[in-house]
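Trainee: Encoded as structure tokens, here's the structure I'll be asking about.
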Amino acid sequence: MSHRRISKSKAILAGAGAVGVAAAAILLPNANASQSGTDGGAGEGARQNAKTVSAASAPELVARLSSQLGEEYAGAYYDAQKKQVVVNVADGGDGGESTARVRDAGAVARSVQNSMGELRSATGTLSRDATIPGTAWAVDPRTNQILVTADTTVTGERWDTLESTVRSLGDGVARIQKSAGEFKPFLEGGDAIFGGGARCSLGFNVTTQDGTPGFLTAGHCGVAADQWSEDQNGAPVGTVQAATFPGDGDFALLTYDDPATQAPSEVDVGNGQTVQIGQAGEAAVGLEVIRMGSTTGLSDGSVTGLGATVNYAEGSVSGLIQTNVCAEPGDSGGPLFTGDGTAIGLTSGGSGDCTSGGETFFQPVTTALAAVGAEIGAGGAGEAGGEEGAEVGSAH
């Protein structure tokens, strides 16, 4: 970790994290390596007429087709290597109207066994019969199954319960994988924002409904303390206005205590590099993403599941984004984004670390913004005051 001197008014932003264009160009070619060569059952014949689609526009195409296909829609994912959208169609393999509609839209149609309704019903069974601390599940459109993950604490009777519940769903509906670590919110550690003895990372600066500047972070950070500072044991700079955790998400909104705070929609990752965060966007499976955290800095990977449920020891959280991006304690609340400056998520928790890897879950930014009535963008209009020359750590 290197250090540079920036004005105190910008010090709190260093923990938010995004990535400069140069850094993104280095990170993104390495993303999605685990899916290299994966076709997911969509043959070259099905791909010939498919359009090249950008990662930013893929979620919009998926949303439109999911609405049009109705009950025959069975999930979709973005093939980052071929830059194509693959849409699962539960049409019995007859290549009917839905398949034609997918192809006409420029996506790849892939016939699968399980409809989205069947997969959602199965997740309901898991929620009813297998809500066990240390487990998580999300729909994996690449395999047209529910991927159930169990951490190292799931043993004995709890493992037997999980295994029998998955078996009861039927062949080809769900599968279990074991995680090498323990699912937990990434709360302590790091050096970005401090509150109540806890340490987290600032997510994205926002403008609240009344026009005041604020920022988003993880909900489990928001319930840990009402006020947060930029220095350990320092004076508060932000106050929690809303926090959700556990339950239907993991997000919190804080407003800056000084309404004149300059809170531009950009972040600093050192060496004078910043990137504009221009908008919030939806995640898509296969989307290449980058995470910034106050403990581990930048890390990249791809989205592996949507609508994930994670059963932490503190309670269950639903509606999360699942990824293969690593994270560690102190990264909680930090931003997940794309190389073009689109805000995607806030770090919730997971297992493993940035040495051994693991699974990490994120709160969708769009859901958090809608819940708190805020929008991505700069808050405050006056000149920011404060002491110049505060020293902060900029992770690389």
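Labels used: A, B, ... for chains in the order of the structure tokens, numbers from 1 for residues in each chain, and numbers from 1 for ligands as shown.
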May I have a table of the residues of range 159-198 of chain A lying at most 8 Å from range 205-229 of chain A, giving each one's closest pair of atoms and their distance in Å to one decimal, counting only C-alpha atoms, ordered by chain and ascending residue number, as CSV?
Mentor:
```
residue,atom,partner,partner_atom,distance
A:Pro185,CA,A:His220,CA,7.4
A:Leu187,CA,A:Cys221,CA,6.8
A:Ile193,CA,A:Ser229,CA,5.6
A:Phe194,CA,A:Ser229,CA,5.2
A:Gly195,CA,A:Trp228,CA,4.5
A:Gly196,CA,A:Ala225,CA,5.1
A:Ala198,CA,A:Ala224,CA,7.2
```
Trainee: Atoms to include: all heavy atoms. Write the selected residues as a compact mmCIF listing (two decimals), in the first residue's frame.
Mentor:
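That gives us part-v5.txt:
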```txt
# COMPACT_ATOMS: atom_id res chain seq x y z
N PRO A 185 -20.23 -11.38 6.72
CA PRO A 185 -20.09 -10.01 6.21
C PRO A 185 -18.65 -9.55 6.39
O PRO A 185 -18.02 -9.83 7.40
CB PRO A 185 -21.05 -9.21 7.11
CG PRO A 185 -21.98 -10.22 7.69
CD PRO A 185 -21.18 -11.47 7.84
N LEU A 187 -16.81 -7.09 7.49
CA LEU A 187 -16.98 -5.87 8.27
C LEU A 187 -15.68 -5.27 8.76
O LEU A 187 -15.34 -4.15 8.43
CB LEU A 187 -17.92 -6.13 9.44
CG LEU A 187 -18.30 -4.92 10.28
CD1 LEU A 187 -19.02 -3.89 9.44
CD2 LEU A 187 -19.19 -5.35 11.44
N ILE A 193 -13.72 3.90 6.16
CA ILE A 193 -14.63 4.62 7.05
C ILE A 193 -14.78 3.83 8.34
O ILE A 193 -14.71 2.59 8.34
CB ILE A 193 -16.00 4.87 6.40
CG1 ILE A 193 -16.63 3.58 5.87
CG2 ILE A 193 -15.87 5.89 5.27
CD1 ILE A 193 -18.04 3.75 5.32
N PHE A 194 -14.95 4.56 9.44
CA PHE A 194 -14.92 3.95 10.76
C PHE A 194 -16.17 4.35 11.54
O PHE A 194 -16.61 5.50 11.50
CB PHE A 194 -13.69 4.42 11.54
CG PHE A 194 -12.39 4.07 10.89
CD1 PHE A 194 -11.89 4.83 9.85
CD2 PHE A 194 -11.66 2.97 11.33
CE1 PHE A 194 -10.69 4.51 9.24
CE2 PHE A 194 -10.45 2.64 10.73
CZ PHE A 194 -9.96 3.41 9.68
N GLY A 195 -16.73 3.39 12.28
CA GLY A 195 -17.88 3.69 13.12
C GLY A 195 -18.11 2.61 14.15
O GLY A 195 -18.13 1.43 13.80
N GLY A 196 -18.26 2.98 15.41
CA GLY A 196 -18.56 2.03 16.46
C GLY A 196 -17.56 0.91 16.60
O GLY A 196 -17.91 -0.22 16.96
N ALA A 198 -16.04 -0.51 14.16
CA ALA A 198 -16.03 -1.27 12.92
C ALA A 198 -15.38 -0.46 11.80
O ALA A 198 -15.30 0.76 11.88
CB ALA A 198 -17.44 -1.67 12.52
```
Trainee: Neighbours of Ala343 in chain A within 9 Å (only C-alpha atoms; same-chain residues fewer than 5 positions away dropped), as a ChimeraX atom specification?
Mentor: /A:204,277-282,335-338,364-366,376
Trainee: Let me see the file: selected residues, N, CA and C atoms, as a tab-separated table (two decimals), in the first residue's frame.
Mentor:
```
chain	number	residue	atom	x	y	z
A	204	PHE	N	-20.66	4.33	-3.14
A	204	PHE	CA	-20.81	5.35	-4.18
A	204	PHE	C	-21.41	6.61	-3.59
A	277	ILE	N	-18.22	7.90	-12.28
A	277	ILE	CA	-19.30	6.91	-12.17
A	277	ILE	C	-20.54	7.61	-12.72
A	278	GLY	N	-20.87	7.30	-13.96
A	278	GLY	CA	-21.88	8.06	-14.66
A	278	GLY	C	-23.31	7.60	-14.45
A	279	GLN	N	-23.49	6.32	-14.09
A	279	GLN	CA	-24.84	5.79	-13.98
A	279	GLN	C	-24.81	4.50	-13.18
A	280	ALA	N	-26.00	4.08	-12.77
A	280	ALA	CA	-26.16	2.77	-12.13
A	280	ALA	C	-26.73	1.81	-13.16
A	281	GLY	N	-26.33	0.55	-13.11
A	281	GLY	CA	-26.79	-0.43	-14.07
A	281	GLY	C	-27.09	-1.77	-13.42
A	282	GLU	N	-27.78	-2.62	-14.16
A	282	GLU	CA	-28.12	-3.95	-13.68
A	282	GLU	C	-26.99	-4.92	-13.98
A	335	PRO	N	-17.47	-0.57	-3.67
A	335	PRO	CA	-18.23	-0.61	-4.91
A	335	PRO	C	-17.83	-1.74	-5.86
A	336	LEU	N	-18.84	-2.23	-6.56
A	336	LEU	CA	-18.68	-3.14	-7.69
A	336	LEU	C	-19.12	-2.35	-8.91
A	337	PHE	N	-18.31	-2.37	-9.97
A	337	PHE	CA	-18.60	-1.51	-11.11
A	337	PHE	C	-18.00	-2.11	-12.37
A	338	THR	N	-18.31	-1.52	-13.50
A	338	THR	CA	-17.74	-1.97	-14.77
A	338	THR	C	-16.67	-1.00	-15.23
A	364	PRO	N	-27.29	-5.20	-5.14
A	364	PRO	CA	-27.48	-4.42	-6.37
A	364	PRO	C	-27.67	-2.93	-6.06
A	365	VAL	N	-26.94	-2.08	-6.74
A	365	VAL	CA	-27.03	-0.64	-6.50
A	365	VAL	C	-28.41	-0.11	-6.90
A	366	THR	N	-28.97	-0.60	-8.00
A	366	THR	CA	-30.25	-0.08	-8.45
A	366	THR	C	-31.34	-0.30	-7.40
A	376	ILE	N	-27.32	8.20	-8.31
A	376	ILE	CA	-25.89	8.38	-8.51
A	376	ILE	C	-25.64	9.80	-9.01
```
Trainee: Running DSSP on the backbone, which parts of range 188-291 of chain A land in alpha helix (DSSP H), as a list in words?
Mentor: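 The alpha helix (DSSP H) residues within range 188-291 of chain A come out as Gly219, His220, Cys221 and Gly222 of chain A.
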Trainee: Could you state the separation of CA of Ser201 in chain A and CA of Leu306 in chain A in Å, given to one decimal place?
Mentor: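 Atom-to-atom, CA of Ser201 in chain A to CA of Leu306 in chain A, that is 22.7 Å.
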Trainee: I need the strand (DSSP E) residues of range 93-305 of chain A per DSSP on the backbone, written as an MDAnalysis selection string.
Mentor: chainID A and resid 108:111 135:140 145:150 174:178 184:185 193:195 198:200 205:207 213:217 227:229 236:244 251:256 266:268 274:276 279:280 288:293 297:305
Trainee: Quick check, in Å to one decimal: how far apart do CA of Gly352 in chain A and CA of Phe251 in chain A lie?
Mentor: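 Separation of CA of Gly352 in chain A and CA of Phe251 in chain A: 21.6 Å.
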Trainee: When you count only C-alpha atoms, which of these residues is closest to Ala368 in chain A: A:Ala252, A:Ala192, A:Ala283, A:Met116?
Mentor: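 Distance minimum relative to Ala368 in chain A lands on A:Ala252.
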Trainee: Range 165-177 of chain A: which residues within 6 Å, counting only C-alpha atoms, same-chain residues fewer than 6 positions away excluded, as a list in words?
Mentor: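 Once the adjacent positions are removed, what remains is Gln145, Ile146, Leu147, Val148 and Thr149 of chain A.
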Trainee: Keeping C-alpha atoms for every residue in the selection just given, could you write it to a file as a PDB file, in the first residue's frame?
Mentor:
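The resulting file, again_9.pdb, is reproduced below:
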```pdb
ATOM      1  CA  GLN A 145     -29.652 -25.175 -12.332  1.00  0.00           C
ATOM      2  CA  ILE A 146     -29.639 -23.697  -8.860  1.00  0.00           C
ATOM      3  CA  LEU A 147     -26.107 -23.562  -7.507  1.00  0.00           C
ATOM      4  CA  VAL A 148     -26.197 -24.245  -3.760  1.00  0.00           C
ATOM      5  CA  THR A 149     -23.013 -23.410  -1.849  1.00  0.00           C
TER       6      THR A 149
END
```
Trainee: Find the residues around Ser111 in chain A up to 7 Å (only C-alpha atoms counted), leave out those fewer than 3 positions away in its own chain, and share them as a list in words.
Mentor: Asn88, Val89, Ala90, Asp91 and Gly93 of chain A
Trainee: Could you name the residues that touch Ser348 in chain A at 12 Å or less, counting only C-alpha atoms, but leaving out those on the same chain fewer than 6 positions away, as a PyMOL selection string?
Mentor: chain A and resi 183-187+200-201+203+217-222+244-246+249-252+291+293+308-312+316-323+326-336+359-365
Trainee: What's the 7 Å shell around Ala150 in chain A, counting only C-alpha atoms, without same-chain residues fewer than 5 positions away, as a list in words?
Mentor: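 Within the cut-off, the hits are Gly134, Thr135, Ala136, Gln177, Lys178 and Ser179 of chain A.
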Trainee: Take the selection from the previous step and output its residues with C-alpha atoms, as a compact mmCIF listing (two decimals), in the first residue's frame.
Mentor:
```txt
# COMPACT_ATOMS: atom_id res chain seq x y z
CA GLY A 134 -23.36 -20.99 6.04
CA THR A 135 -25.38 -21.72 2.90
CA ALA A 136 -26.23 -19.71 -0.19
CA GLN A 177 -20.64 -27.10 -4.09
CA LYS A 178 -18.47 -26.68 -1.01
CA SER A 179 -16.75 -23.41 -0.19
```
Trainee: Can you list, as number ranges by chain, every protein, DNA or RNA residue that comes within 9 Å of Asn49 in chain A when you count only C-alpha atoms, leaving out same-chain residues fewer than 6 positions away?
Mentor: A: 103-104, 106-108
Trainee: May I have the selected residues written with N, CA, C and O atoms, as a short mmCIF file (atom, residue, chain, number, x, y, z; two decimals), in the first residue's frame?
Mentor:
```cif
data_model
loop_
_atom_site.label_atom_id
_atom_site.label_comp_id
_atom_site.auth_asym_id
_atom_site.auth_seq_id
_atom_site.Cartn_x
_atom_site.Cartn_y
_atom_site.Cartn_z
N ARG A 103 -33.72 -15.15 -31.44
CA ARG A 103 -32.77 -14.99 -32.55
C ARG A 103 -33.02 -13.69 -33.31
O ARG A 103 -32.08 -13.03 -33.75
N ASP A 104 -34.30 -13.33 -33.48
CA ASP A 104 -34.62 -12.08 -34.17
C ASP A 104 -34.09 -10.87 -33.40
O ASP A 104 -33.78 -9.84 -34.00
N GLY A 106 -31.35 -10.81 -31.88
CA GLY A 106 -29.89 -10.80 -31.97
C GLY A 106 -29.19 -11.56 -30.88
O GLY A 106 -27.96 -11.47 -30.74
N ALA A 107 -29.93 -12.33 -30.09
CA ALA A 107 -29.33 -13.14 -29.02
C ALA A 107 -29.23 -14.60 -29.47
O ALA A 107 -29.78 -14.99 -30.50
N VAL A 108 -28.54 -15.39 -28.67
CA VAL A 108 -28.40 -16.81 -28.92
C VAL A 108 -29.47 -17.56 -28.13
O VAL A 108 -29.56 -17.41 -26.91
#
```
Trainee: Here is a test: counting only C-alpha atoms, which residue of A:Gly357, A:Gly315, A:Gly96, A:Asn233 is nearest to Gly247 in chain A?
Mentor: A:Gly315
Trainee: Check the smallest atom-to-atom distance from each of A:Leu162, A:Val102, A:Met292, A:Leu298 to Thr347 in chain A using only C-alpha atoms, then report the winner.
Mentor: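 Distance minimum relative to Thr347 in chain A lands on A:Met292.
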Trainee: Could you check how far CA of Glu266 in chain A sits from CA of Thr295 in chain A, in Å to one decimal?
Mentor: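 According to the coordinates, CA of Glu266 in chain A and CA of Thr295 in chain A are separated by 19.2 Å.
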